[in-house]
>>> print(open('target-v1.pdb').read())   # PDB, C-alpha atoms
ATOM      1  CA  MET A   1     -42.971 -41.299   5.472
ATOM      2  CA  ASN A   2     -42.640 -38.896   2.563
ATOM      3  CA  LYS A   3     -40.395 -40.909   0.276
ATOM      4  CA  THR A   4     -40.261 -38.131  -2.326
ATOM      5  CA  ALA A   5     -37.661 -36.442  -0.093
ATOM      6  CA  TYR A   6     -35.199 -39.246  -0.841
ATOM      7  CA  PRO A   7     -33.510 -39.964  -4.178
ATOM      8  CA  LEU A   8     -34.490 -43.304  -5.661
ATOM      9  CA  LEU A   9     -32.026 -45.160  -7.849
ATOM     10  CA  SER A  10     -33.023 -47.206 -10.877
ATOM     11  CA  GLU A  11     -33.008 -50.998 -10.697
ATOM     12  CA  THR A  12     -29.891 -50.998 -12.887
ATOM     13  CA  GLU A  13     -28.176 -48.570 -10.526
ATOM     14  CA  TYR A  14     -29.062 -50.712  -7.499
ATOM     15  CA  ALA A  15     -27.677 -53.800  -9.185
ATOM     16  CA  LYS A  16     -24.453 -51.968 -10.022
ATOM     17  CA  ARG A  17     -24.010 -50.411  -6.576
ATOM     18  CA  LEU A  18     -24.767 -53.689  -4.815
ATOM     19  CA  THR A  19     -22.326 -55.764  -6.844
ATOM     20  CA  PRO A  20     -19.787 -57.182  -4.355
ATOM     21  CA  PRO A  21     -16.647 -55.012  -4.423
ATOM     22  CA  SER A  22     -13.657 -56.456  -6.263
ATOM     23  CA  GLY A  23     -11.052 -53.863  -5.318
ATOM     24  CA  LYS A  24     -10.074 -51.995  -2.186
ATOM     25  CA  ILE A  25     -12.877 -49.960  -0.634
ATOM     26  CA  SER A  26     -13.073 -46.988   1.703
ATOM     27  CA  MET A  27     -15.304 -47.502   4.700
ATOM     28  CA  VAL A  28     -16.464 -46.179   8.041
ATOM     29  CA  LEU A  29     -17.344 -48.605  10.837
ATOM     30  CA  ASP A  30     -20.333 -47.864  13.075
ATOM     31  CA  THR A  31     -20.174 -50.060  16.176
ATOM     32  CA  ASP A  32     -21.638 -50.525  19.673
ATOM     33  CA  THR A  33     -18.225 -51.821  20.692
ATOM     34  CA  PHE A  34     -18.842 -52.322  24.418
ATOM     35  CA  ASN A  35     -22.162 -54.121  24.020
ATOM     36  CA  GLU A  36     -20.773 -57.596  23.268
ATOM     37  CA  ILE A  37     -17.446 -59.297  22.585
ATOM     38  CA  ASP A  38     -17.953 -59.635  18.825
ATOM     39  CA  ASP A  39     -17.490 -55.955  17.937
ATOM     40  CA  GLN A  40     -13.907 -56.057  19.181
ATOM     41  CA  PHE A  41     -13.139 -58.933  16.826
ATOM     42  CA  ALA A  42     -14.818 -57.101  13.928
ATOM     43  CA  VAL A  43     -12.956 -53.821  14.516
ATOM     44  CA  ILE A  44      -9.602 -55.614  14.596
ATOM     45  CA  TYR A  45     -10.532 -57.798  11.597
ATOM     46  CA  ALA A  46     -11.304 -54.690   9.538
ATOM     47  CA  LEU A  47      -7.964 -53.110  10.441
ATOM     48  CA  ALA A  48      -6.116 -56.354   9.723
ATOM     49  CA  ALA A  49      -7.630 -56.537   6.221
ATOM     50  CA  GLY A  50      -5.866 -53.417   5.011
ATOM     51  CA  GLU A  51      -5.432 -54.642   1.443
ATOM     52  CA  LYS A  52      -9.226 -54.978   1.142
ATOM     53  CA  MET A  53     -10.512 -51.955   3.034
ATOM     54  CA  GLU A  54      -9.362 -48.598   4.338
ATOM     55  CA  VAL A  55     -11.096 -47.620   7.573
ATOM     56  CA  GLU A  56     -11.567 -43.850   7.446
ATOM     57  CA  ALA A  57     -13.384 -43.424  10.763
ATOM     58  CA  PHE A  58     -15.017 -45.246  13.652
ATOM     59  CA  TYR A  59     -18.431 -44.210  14.963
ATOM     60  CA  ALA A  60     -19.673 -45.174  18.437
ATOM     61  CA  ALA A  61     -23.246 -46.451  18.302
ATOM     62  CA  PRO A  62     -25.756 -46.362  21.178
ATOM     63  CA  PHE A  63     -26.952 -49.480  22.968
ATOM     64  CA  PHE A  64     -29.049 -50.226  26.034
ATOM     65  CA  ASN A  65     -28.854 -53.511  27.916
ATOM     66  CA  GLU A  66     -27.435 -54.807  31.187
ATOM     67  CA  LEU A  67     -24.039 -53.302  30.314
ATOM     68  CA  SER A  68     -25.313 -49.717  30.105
ATOM     69  CA  SER A  69     -27.671 -47.389  31.924
ATOM     70  CA  GLY A  70     -29.126 -46.125  28.658
ATOM     71  CA  PRO A  71     -28.290 -45.434  24.992
ATOM     72  CA  ALA A  72     -26.040 -42.466  25.816
ATOM     73  CA  ASP A  73     -24.048 -44.472  28.358
ATOM     74  CA  GLY A  74     -23.761 -47.370  25.914
ATOM     75  CA  MET A  75     -22.497 -45.041  23.205
ATOM     76  CA  GLU A  76     -19.923 -43.480  25.537
ATOM     77  CA  LYS A  77     -18.648 -46.872  26.694
ATOM     78  CA  SER A  78     -18.374 -47.933  23.057
ATOM     79  CA  TYR A  79     -16.461 -44.750  22.276
ATOM     80  CA  LEU A  80     -13.951 -45.492  25.042
ATOM     81  CA  GLU A  81     -13.581 -49.105  23.912
ATOM     82  CA  LEU A  82     -12.859 -47.931  20.370
ATOM     83  CA  LEU A  83     -10.141 -45.638  21.694
ATOM     84  CA  LYS A  84      -8.646 -48.602  23.554
ATOM     85  CA  ILE A  85      -8.607 -50.826  20.454
ATOM     86  CA  ARG A  86      -7.228 -48.029  18.302
ATOM     87  CA  GLY A  87      -4.358 -47.640  20.751
ATOM     88  CA  LEU A  88      -3.652 -51.384  20.871
ATOM     89  CA  MET A  89      -3.542 -51.463  17.070
ATOM     90  CA  GLY A  90      -1.364 -48.355  16.841
ATOM     91  CA  ARG A  91      -3.911 -46.614  14.600
ATOM     92  CA  GLU A  92      -4.320 -43.245  16.284
ATOM     93  CA  ASP A  93      -4.545 -41.788  12.771
ATOM     94  CA  ILE A  94      -8.144 -43.006  12.478
ATOM     95  CA  PRO A  95     -10.704 -40.662  14.057
ATOM     96  CA  VAL A  96     -13.170 -42.042  16.603
ATOM     97  CA  LEU A  97     -16.395 -40.059  16.831
ATOM     98  CA  ARG A  98     -19.221 -40.107  19.340
ATOM     99  CA  GLY A  99     -22.604 -41.091  17.969
ATOM    100  CA  SER A 100     -26.220 -40.705  19.016
ATOM    101  CA  GLU A 101     -27.120 -40.350  22.685
ATOM    102  CA  SER A 102     -30.706 -41.450  22.032
ATOM    103  CA  TYR A 103     -32.732 -43.388  19.505
ATOM    104  CA  MET A 104     -34.871 -41.679  16.871
ATOM    105  CA  ALA A 105     -38.180 -40.417  18.277
ATOM    106  CA  THR A 106     -39.833 -40.563  14.839
ATOM    107  CA  GLU A 107     -38.762 -41.419  11.314
ATOM    108  CA  HIS A 108     -38.584 -37.681  10.615
ATOM    109  CA  ALA A 109     -36.348 -36.780  13.581
ATOM    110  CA  PRO A 110     -32.629 -37.476  13.036
ATOM    111  CA  VAL A 111     -30.444 -37.520  16.132
ATOM    112  CA  ASP A 112     -27.617 -35.028  15.780
ATOM    113  CA  SER A 113     -24.140 -36.314  16.614
ATOM    114  CA  GLU A 114     -20.503 -35.986  15.624
ATOM    115  CA  ALA A 115     -20.762 -39.330  13.851
ATOM    116  CA  ALA A 116     -23.842 -38.431  11.790
ATOM    117  CA  ARG A 117     -22.341 -35.098  10.724
ATOM    118  CA  ASP A 118     -19.022 -36.711   9.860
ATOM    119  CA  LEU A 119     -20.788 -39.326   7.732
ATOM    120  CA  VAL A 120     -22.640 -36.636   5.810
ATOM    121  CA  ASP A 121     -19.410 -34.704   5.215
ATOM    122  CA  ARG A 122     -17.461 -37.768   4.054
ATOM    123  CA  ALA A 123     -20.248 -39.096   1.868
ATOM    124  CA  MET A 124     -20.898 -35.803   0.097
ATOM    125  CA  LYS A 125     -17.251 -35.713  -0.988
ATOM    126  CA  ARG A 126     -17.533 -39.105  -2.685
ATOM    127  CA  ASP A 127     -17.948 -39.779  -6.367
ATOM    128  CA  PRO A 128     -21.167 -41.795  -6.811
ATOM    129  CA  ASP A 129     -19.140 -44.275  -8.888
ATOM    130  CA  ASN A 130     -16.785 -44.783  -5.933
ATOM    131  CA  PRO A 131     -19.143 -44.937  -2.949
ATOM    132  CA  LEU A 132     -18.246 -44.900   0.720
ATOM    133  CA  TYR A 133     -19.081 -48.194   2.429
ATOM    134  CA  VAL A 134     -20.903 -47.611   5.698
ATOM    135  CA  VAL A 135     -20.460 -50.779   7.731
ATOM    136  CA  ALA A 136     -22.830 -50.933  10.701
ATOM    137  CA  ILE A 137     -22.788 -53.582  13.421
ATOM    138  CA  GLY A 138     -25.112 -52.056  15.999
ATOM    139  CA  ALA A 139     -28.307 -50.045  16.200
ATOM    140  CA  ILE A 140     -28.475 -48.120  12.923
ATOM    141  CA  THR A 141     -29.320 -44.736  14.524
ATOM    142  CA  ASN A 142     -26.184 -42.862  13.440
ATOM    143  CA  VAL A 143     -26.502 -43.976   9.830
ATOM    144  CA  ALA A 144     -30.246 -43.374   9.542
ATOM    145  CA  SER A 145     -29.834 -39.946  11.136
ATOM    146  CA  ALA A 146     -27.169 -38.983   8.610
ATOM    147  CA  ILE A 147     -29.450 -40.062   5.746
ATOM    148  CA  ALA A 148     -32.371 -38.083   7.196
ATOM    149  CA  MET A 149     -30.104 -35.043   7.650
ATOM    150  CA  GLU A 150     -28.850 -35.172   4.058
ATOM    151  CA  PRO A 151     -30.800 -37.558   1.776
ATOM    152  CA  ALA A 152     -28.362 -36.918  -1.100
ATOM    153  CA  ILE A 153     -25.827 -39.250   0.521
ATOM    154  CA  ILE A 154     -27.996 -42.148  -0.670
ATOM    155  CA  GLU A 155     -26.337 -41.661  -4.065
ATOM    156  CA  ARG A 156     -22.840 -41.864  -2.567
ATOM    157  CA  ILE A 157     -22.876 -44.688  -0.012
ATOM    158  CA  VAL A 158     -23.468 -48.412   0.363
ATOM    159  CA  VAL A 159     -24.669 -49.552   3.779
ATOM    160  CA  VAL A 160     -23.564 -53.004   4.956
ATOM    161  CA  TRP A 161     -25.582 -53.842   8.086
ATOM    162  CA  LEU A 162     -25.732 -56.736  10.497
ATOM    163  CA  GLY A 163     -29.387 -56.555  11.458
ATOM    164  CA  GLY A 164     -32.504 -58.646  11.868
ATOM    165  CA  HIS A 165     -32.891 -62.392  11.400
ATOM    166  CA  THR A 166     -33.392 -64.424   8.246
ATOM    167  CA  LEU A 167     -36.659 -64.085   6.350
ATOM    168  CA  GLU A 168     -37.609 -67.627   7.394
ATOM    169  CA  TRP A 169     -37.202 -66.909  11.104
ATOM    170  CA  GLY A 170     -40.363 -66.554  13.143
ATOM    171  CA  ASP A 171     -39.698 -62.893  13.816
ATOM    172  CA  THR A 172     -36.949 -60.343  13.398
ATOM    173  CA  LYS A 173     -36.709 -59.244  17.026
ATOM    174  CA  GLU A 174     -32.956 -58.916  16.821
ATOM    175  CA  PHE A 175     -31.027 -56.566  19.139
ATOM    176  CA  ASN A 176     -29.641 -54.198  16.503
ATOM    177  CA  LEU A 177     -32.899 -53.909  14.591
ATOM    178  CA  GLN A 178     -35.409 -53.592  17.409
ATOM    179  CA  GLN A 179     -33.466 -51.074  19.516
ATOM    180  CA  ASP A 180     -34.342 -48.285  17.081
ATOM    181  CA  LEU A 181     -37.265 -49.349  14.926
ATOM    182  CA  HIS A 182     -37.549 -45.928  13.286
ATOM    183  CA  ALA A 183     -33.920 -45.990  12.161
ATOM    184  CA  SER A 184     -34.222 -49.602  10.982
ATOM    185  CA  ARG A 185     -37.224 -48.715   8.856
ATOM    186  CA  ILE A 186     -35.396 -45.779   7.304
ATOM    187  CA  VAL A 187     -32.560 -47.946   5.996
ATOM    188  CA  MET A 188     -35.040 -50.557   4.746
ATOM    189  CA  ASP A 189     -37.607 -48.145   3.279
ATOM    190  CA  ILE A 190     -35.991 -45.110   1.682
ATOM    191  CA  GLY A 191     -33.847 -46.694  -1.001
ATOM    192  CA  VAL A 192     -30.291 -46.509   0.289
ATOM    193  CA  PRO A 193     -28.158 -49.259  -1.321
ATOM    194  CA  LEU A 194     -28.073 -51.898   1.405
ATOM    195  CA  VAL A 195     -26.339 -55.218   1.994
ATOM    196  CA  LEU A 196     -28.143 -57.019   4.813
ATOM    197  CA  ALA A 197     -26.445 -59.717   6.911
ATOM    198  CA  PRO A 198     -29.093 -61.447   9.061
ATOM    199  CA  CYS A 199     -28.172 -62.672  12.529
ATOM    200  CA  MET A 200     -30.081 -65.882  13.370
ATOM    201  CA  GLY A 201     -29.737 -68.235  10.412
ATOM    202  CA  VAL A 202     -26.636 -66.611   8.872
ATOM    203  CA  ALA A 203     -24.214 -64.843  11.222
ATOM    204  CA  SER A 204     -25.216 -67.384  13.886
ATOM    205  CA  ASN A 205     -22.966 -69.855  12.044
ATOM    206  CA  LEU A 206     -19.905 -67.938  13.250
ATOM    207  CA  ARG A 207     -19.344 -69.812  16.508
ATOM    208  CA  THR A 208     -15.997 -70.357  18.200
ATOM    209  CA  THR A 209     -14.778 -71.641  21.565
ATOM    210  CA  LEU A 210     -12.379 -70.583  24.286
ATOM    211  CA  SER A 211      -9.991 -73.393  23.383
ATOM    212  CA  GLU A 212      -9.880 -72.286  19.740
ATOM    213  CA  VAL A 213      -9.294 -68.679  20.750
ATOM    214  CA  ARG A 214      -6.613 -69.837  23.197
ATOM    215  CA  ASP A 215      -4.802 -71.783  20.457
ATOM    216  CA  TYR A 216      -5.065 -69.391  17.516
ATOM    217  CA  VAL A 217      -5.675 -65.911  18.942
ATOM    218  CA  ARG A 218      -3.983 -65.620  22.329
ATOM    219  CA  PRO A 219      -0.415 -66.215  21.004
ATOM    220  CA  GLN A 220      -0.654 -63.156  18.750
ATOM    221  CA  GLY A 221       0.835 -60.559  21.070
ATOM    222  CA  GLU A 222      -1.020 -57.808  22.886
ATOM    223  CA  ILE A 223      -3.975 -57.880  20.492
ATOM    224  CA  GLY A 224      -4.295 -61.652  20.844
ATOM    225  CA  GLU A 225      -4.220 -61.439  24.631
ATOM    226  CA  TYR A 226      -6.848 -58.668  24.589
ATOM    227  CA  LEU A 227      -9.229 -60.717  22.448
ATOM    228  CA  TYR A 228      -8.595 -63.868  24.464
ATOM    229  CA  GLU A 229      -9.299 -62.139  27.780
ATOM    230  CA  THR A 230     -12.397 -60.506  26.315
ATOM    231  CA  PHE A 231     -13.684 -63.913  25.219
ATOM    232  CA  ARG A 232     -12.702 -65.677  28.460
ATOM    233  CA  ASN A 233     -14.380 -63.073  30.662
ATOM    234  CA  CYS A 234     -17.708 -63.235  28.812
ATOM    235  CA  ARG A 235     -18.695 -66.391  30.692
ATOM    236  CA  GLU A 236     -17.674 -68.131  33.870
ATOM    237  CA  ASP A 237     -18.110 -71.693  32.608
ATOM    238  CA  HIS A 238     -16.790 -72.447  29.098
ATOM    239  CA  PHE A 239     -17.282 -76.227  29.275
ATOM    240  CA  ALA A 240     -18.983 -77.444  26.059
ATOM    241  CA  TYR A 241     -19.737 -73.806  25.225
ATOM    242  CA  SER A 242     -19.376 -71.929  21.970
ATOM    243  CA  ARG A 243     -20.147 -68.285  21.295
ATOM    244  CA  VAL A 244     -21.228 -66.488  18.153
ATOM    245  CA  ILE A 245     -18.905 -63.725  16.961
ATOM    246  CA  TRP A 246     -21.741 -62.111  15.018
ATOM    247  CA  ASP A 247     -20.167 -58.905  13.763
ATOM    248  CA  ILE A 248     -17.324 -60.386  11.748
ATOM    249  CA  ALA A 249     -19.950 -61.486   9.199
ATOM    250  CA  VAL A 250     -20.019 -58.104   7.439
ATOM    251  CA  ILE A 251     -16.236 -57.768   7.422
ATOM    252  CA  ALA A 252     -15.928 -61.273   5.975
ATOM    253  CA  TRP A 253     -18.361 -60.421   3.156
ATOM    254  CA  LEU A 254     -16.206 -57.442   2.231
ATOM    255  CA  VAL A 255     -13.016 -59.524   2.381
ATOM    256  CA  GLN A 256     -14.389 -62.384   0.265
ATOM    257  CA  PRO A 257     -18.029 -62.308  -0.863
ATOM    258  CA  ASP A 258     -17.807 -65.965  -1.952
ATOM    259  CA  TRP A 259     -17.753 -66.958   1.728
ATOM    260  CA  ALA A 260     -21.170 -65.337   2.193
ATOM    261  CA  PRO A 261     -23.405 -66.130  -0.800
ATOM    262  CA  SER A 262     -26.010 -63.456  -1.426
ATOM    263  CA  HIS A 263     -28.634 -62.364  -3.903
ATOM    264  CA  LEU A 264     -30.656 -59.311  -4.857
ATOM    265  CA  MET A 265     -34.233 -59.097  -3.606
ATOM    266  CA  PRO A 266     -36.892 -56.463  -2.855
ATOM    267  CA  SER A 267     -36.272 -54.718   0.442
ATOM    268  CA  PRO A 268     -38.589 -56.253   3.065
ATOM    269  CA  ARG A 269     -40.803 -54.166   5.314
ATOM    270  CA  ILE A 270     -40.623 -54.274   9.104
ATOM    271  CA  SER A 271     -43.944 -54.560  10.927
ATOM    272  CA  GLU A 272     -44.763 -53.026  14.300
ATOM    273  CA  ASP A 273     -44.197 -56.411  15.973
ATOM    274  CA  CYS A 274     -40.818 -56.865  14.237
ATOM    275  CA  ARG A 275     -41.689 -59.277  11.452
ATOM    276  CA  TRP A 276     -40.590 -59.187   7.826
ATOM    277  CA  GLY A 277     -43.097 -58.434   5.092
ATOM    278  CA  ILE A 278     -42.277 -59.016   1.411
ATOM    279  CA  ASP A 279     -43.412 -56.547  -1.252
ATOM    280  CA  PRO A 280     -42.154 -57.312  -4.795
ATOM    281  CA  SER A 281     -42.609 -53.668  -5.834
ATOM    282  CA  ARG A 282     -39.915 -52.411  -3.458
ATOM    283  CA  HIS A 283     -36.359 -51.361  -4.351
ATOM    284  CA  LEU A 284     -33.550 -53.916  -4.369
ATOM    285  CA  ILE A 285     -31.172 -54.810  -1.565
ATOM    286  CA  ARG A 286     -28.501 -57.519  -1.390
ATOM    287  CA  TYR A 287     -29.384 -60.249   1.097
ATOM    288  CA  ILE A 288     -26.736 -62.577   2.533
ATOM    289  CA  ARG A 289     -28.215 -66.065   2.907
ATOM    290  CA  TYR A 290     -25.319 -68.143   4.272
ATOM    291  CA  ILE A 291     -21.769 -67.811   5.611
ATOM    292  CA  ASP A 292     -18.877 -70.268   5.595
ATOM    293  CA  ARG A 293     -17.802 -70.412   9.226
ATOM    294  CA  ASP A 294     -14.505 -72.243   8.677
ATOM    295  CA  ALA A 295     -13.284 -69.998   5.848
ATOM    296  CA  VAL A 296     -14.010 -66.863   7.866
ATOM    297  CA  PHE A 297     -12.261 -67.951  11.052
ATOM    298  CA  LYS A 298      -9.295 -69.330   9.122
ATOM    299  CA  ASP A 299      -8.829 -65.956   7.447
ATOM    300  CA  LEU A 300      -9.266 -64.049  10.721
ATOM    301  CA  PHE A 301      -6.775 -66.229  12.611
ATOM    302  CA  GLN A 302      -4.216 -65.991   9.800
ATOM    303  CA  ARG A 303      -4.494 -62.213   9.709
ATOM    304  CA  LEU A 304      -4.071 -61.945  13.473
ATOM    305  CA  ALA A 305      -0.883 -63.999  13.201
ATOM    306  CA  LYS A 306       0.547 -61.411  10.798
ATOM    307  CA  LEU A 307      -0.113 -58.352  12.957
TER     308      LEU A 307
END
>>> encode(input="target-v1.pdb", output="structure tokens")
Amino acid sequence: MNKTAYPLLSETEYAKRLTPPSGKISMVLDTDTFNEIDDQFAVIYALAAGEKMEVEAFYAAPFFNELSSGPADGMEKSYLELLKIRGLMGREDIPVLRGSESYMATEHAPVDSEAARDLVDRAMKRDPDNPLYVVAIGAITNVASAIAMEPAIIERIVVVWLGGHTLEWGDTKEFNLQQDLHASRIVMDIGVPLVLAPCMGVASNLRTTLSEVRDYVRPQGEIGEYLYETFRNCREDHFAYSRVIWDIAVIAWLVQPDWAPSHLMPSPRISEDCRWGIDPSRHLIRYIRYIDRDAVFKDLFQRLAKL
């Protein structure tokens, strides 16, 4: 990859940009909302934390698994699910935009979409001292495509991504990361300010059960019933079963960074077989190394009760 096409910040600038936010931020949320049951919780959590973050737009991300016939179908189903949640929350003021219908064919080939173009437009209007937070909880295709379309947005955004596993894990063959390896490498390689929330070893702490959701989520009106039914329908047998609500990890870090201790480190490389490689000469990212499960769910349940 020709890195000279991308602006590179100084180490001081990375440290400043990656300092956990103390005030209210503006953000866009890029999500494969129909892929799992955790995205729904994350979307609603972000909207419920209005004093901490203003959601400017939702982007539908592609996904391909047993719930879709391909990336385009996954993106469309996610788009429709976002419209449903937006209606339940009474937030029709927030635009929902379709994202990529395919993954990147090469690291030099952005996938054009409404979402990628909207991200470029929003980011280019930002003051570099007041960046747009790009919160991604799916395959990173839309975000990487926007960066490849207009590299200057690197100076105006901070990406917060749930992707990969911890550095100590045997591999990083995680769903978000490995779906679009080209896009994942772009966000790791080209110097965009990045906060990385690993899945196994960090977000995997965020487990809850049907009984807990029944007690603390279901009573909270139409939204509570929606989340409860979504959780209940994910599995036929819930006996002695807990499920990870992965995606709320990034929202929780934005709400209260103390719940998710992190540190600056050189951005790791991603090998062809999806393993991390450490190179001390690389630019800095912020790496989340732990998350306090109880603090996060307590905050989420309390916010749902106030909706």
>>> resolve_selection(input="target-v1.pdb", expression="the PyMOL selection byres ((chain A and resi 131) around 10)", output="list of chain:residue names")
A:Arg17, A:Ile25, A:Ser26, A:Met27, A:Ala123, A:Met124, A:Lys125, A:Arg126, A:Asp127, A:Pro128, A:Asp129, A:Asn130, A:Leu132, A:Tyr133, A:Val134, A:Ile153, A:Ile154, A:Glu155, A:Arg156, A:Ile157, A:Val158, A:Val159
>>> closest_residue(input="target-v1.pdb", among="A:Ala105, A:Ala48, A:Ala5, A:Leu82", to="Met149 of chain A", atoms="only C-alpha atoms")
A:Ala5
>>> closest_residue(input="target-v1.pdb", among="A:Asp38, A:Asp93, A:Asp171, A:Asp292", to="Pro261 of chain A", atoms="all atoms listed in the file")
A:Asp292
>>> resolve_selection(input="target-v1.pdb", expression="the PyMOL selection byres ((chain A and resi 69-80) around 9)", output="list in words")
Thr31, Asp32, Thr33, Phe34, Asn35, Phe58, Tyr59, Ala60, Ala61, Pro62, Phe63, Phe64, Asn65, Glu66, Leu67, Ser68, Glu81, Leu82, Leu83, Lys84, Ile85, Val96, Leu97, Arg98, Gly99, Ser100, Glu101, Ser102 and Tyr103 of chain A
>>> axis_aligned_box(input="target-v1.pdb", around="segment 110-114 of chain A", padding_each_side="4 Å", output="JSON")
{"center_x": -26.6, "center_y": -36.3, "center_z": 14.8, "size_x": 20.1, "size_y": 10.5, "size_z": 11.6}
>>> residues_around(input="target-v1.pdb", residues="Pro257 of chain A", least_positions_apart="6", cutoff="10 Å", atoms="all atoms listed in the file", output="ChimeraX atom specification")
/A:19-22,250-251,288,291
>>> resolve_selection(input="target-v1.pdb", expression="the PyMOL selection byres ((chain A and resi 195-211) around 7)", output="PyMOL selection string")
chain A and resi 159-166+194+212-215+231-232+238+241-246+249-250+285-291+293
>>> residues_around(input="target-v1.pdb", residues="Ala305 of chain A", least_positions_apart="2", cutoff="9 Å", atoms="all atoms listed in the file", output="list in words")
Tyr216, Val217, Pro219, Gln220, Gly221, Gly224, Leu300, Phe301, Gln302, Arg303 and Leu307 of chain A
>>> atom_distance(input="target-v1.pdb", atom1="atom CA of Arg185 of chain A", atom2="atom CA of Ile44 of chain A")
29.0 Å
>>> atom_distance(input="target-v1.pdb", atom1="atom CA of Ala116 of chain A", atom2="atom CA of Ala146 of chain A")
4.6 Å
>>> closest_residue(input="target-v1.pdb", among="A:Thr12, A:Thr141, A:Gln40, A:Gln256", to="Leu88 of chain A", atoms="only C-alpha atoms")
A:Gln40
>>> atom_distance(input="target-v1.pdb", atom1="atom CA of Ser281 of chain A", atom2="atom CA of His108 of chain A")
23.3 Å
>>> build_atoms(input="target-v1.pdb", residues="segment 55-66 of chain A", atoms="N, CA and C atoms", output="mmCIF file, keeping the file's coordinate frame")
data_model
loop_
_atom_site.group_PDB
_atom_site.id
_atom_site.type_symbol
_atom_site.label_atom_id
_atom_site.label_comp_id
_atom_site.auth_asym_id
_atom_site.auth_seq_id
_atom_site.Cartn_x
_atom_site.Cartn_y
_atom_site.Cartn_z
ATOM 1 N N VAL A 55 -10.164 -48.151 6.576
ATOM 2 C CA VAL A 55 -11.096 -47.620 7.573
ATOM 3 C C VAL A 55 -10.807 -46.134 7.755
ATOM 4 N N GLU A 56 -11.760 -45.301 7.356
ATOM 5 C CA GLU A 56 -11.567 -43.850 7.446
ATOM 6 C C GLU A 56 -11.955 -43.295 8.803
ATOM 7 N N ALA A 57 -12.922 -43.935 9.471
ATOM 8 C CA ALA A 57 -13.384 -43.424 10.763
ATOM 9 C C ALA A 57 -14.159 -44.508 11.484
ATOM 10 N N PHE A 58 -14.172 -44.406 12.808
ATOM 11 C CA PHE A 58 -15.017 -45.246 13.652
ATOM 12 C C PHE A 58 -16.101 -44.379 14.274
ATOM 13 N N TYR A 59 -17.321 -44.902 14.312
ATOM 14 C CA TYR A 59 -18.431 -44.210 14.963
ATOM 15 C C TYR A 59 -18.941 -45.066 16.119
ATOM 16 N N ALA A 60 -19.131 -44.468 17.278
ATOM 17 C CA ALA A 60 -19.673 -45.174 18.437
ATOM 18 C C ALA A 60 -21.193 -45.151 18.378
ATOM 19 N N ALA A 61 -21.787 -46.324 18.394
ATOM 20 C CA ALA A 61 -23.246 -46.451 18.302
ATOM 21 C C ALA A 61 -23.859 -46.633 19.693
ATOM 22 N N PRO A 62 -25.091 -46.190 19.883
ATOM 23 C CA PRO A 62 -25.756 -46.362 21.178
ATOM 24 C C PRO A 62 -26.209 -47.806 21.382
ATOM 25 N N PHE A 63 -26.298 -48.204 22.632
ATOM 26 C CA PHE A 63 -26.952 -49.480 22.968
ATOM 27 C C PHE A 63 -27.452 -49.392 24.395
ATOM 28 N N PHE A 64 -28.460 -50.209 24.692
ATOM 29 C CA PHE A 64 -29.049 -50.226 26.034
ATOM 30 C C PHE A 64 -29.365 -51.668 26.405
ATOM 31 N N ASN A 65 -28.585 -52.195 27.335
ATOM 32 C CA ASN A 65 -28.854 -53.511 27.916
ATOM 33 C C ASN A 65 -28.248 -53.531 29.320
ATOM 34 N N GLU A 66 -27.952 -54.718 29.825
ATOM 35 C CA GLU A 66 -27.435 -54.807 31.187
ATOM 36 C C GLU A 66 -26.044 -54.195 31.348
#
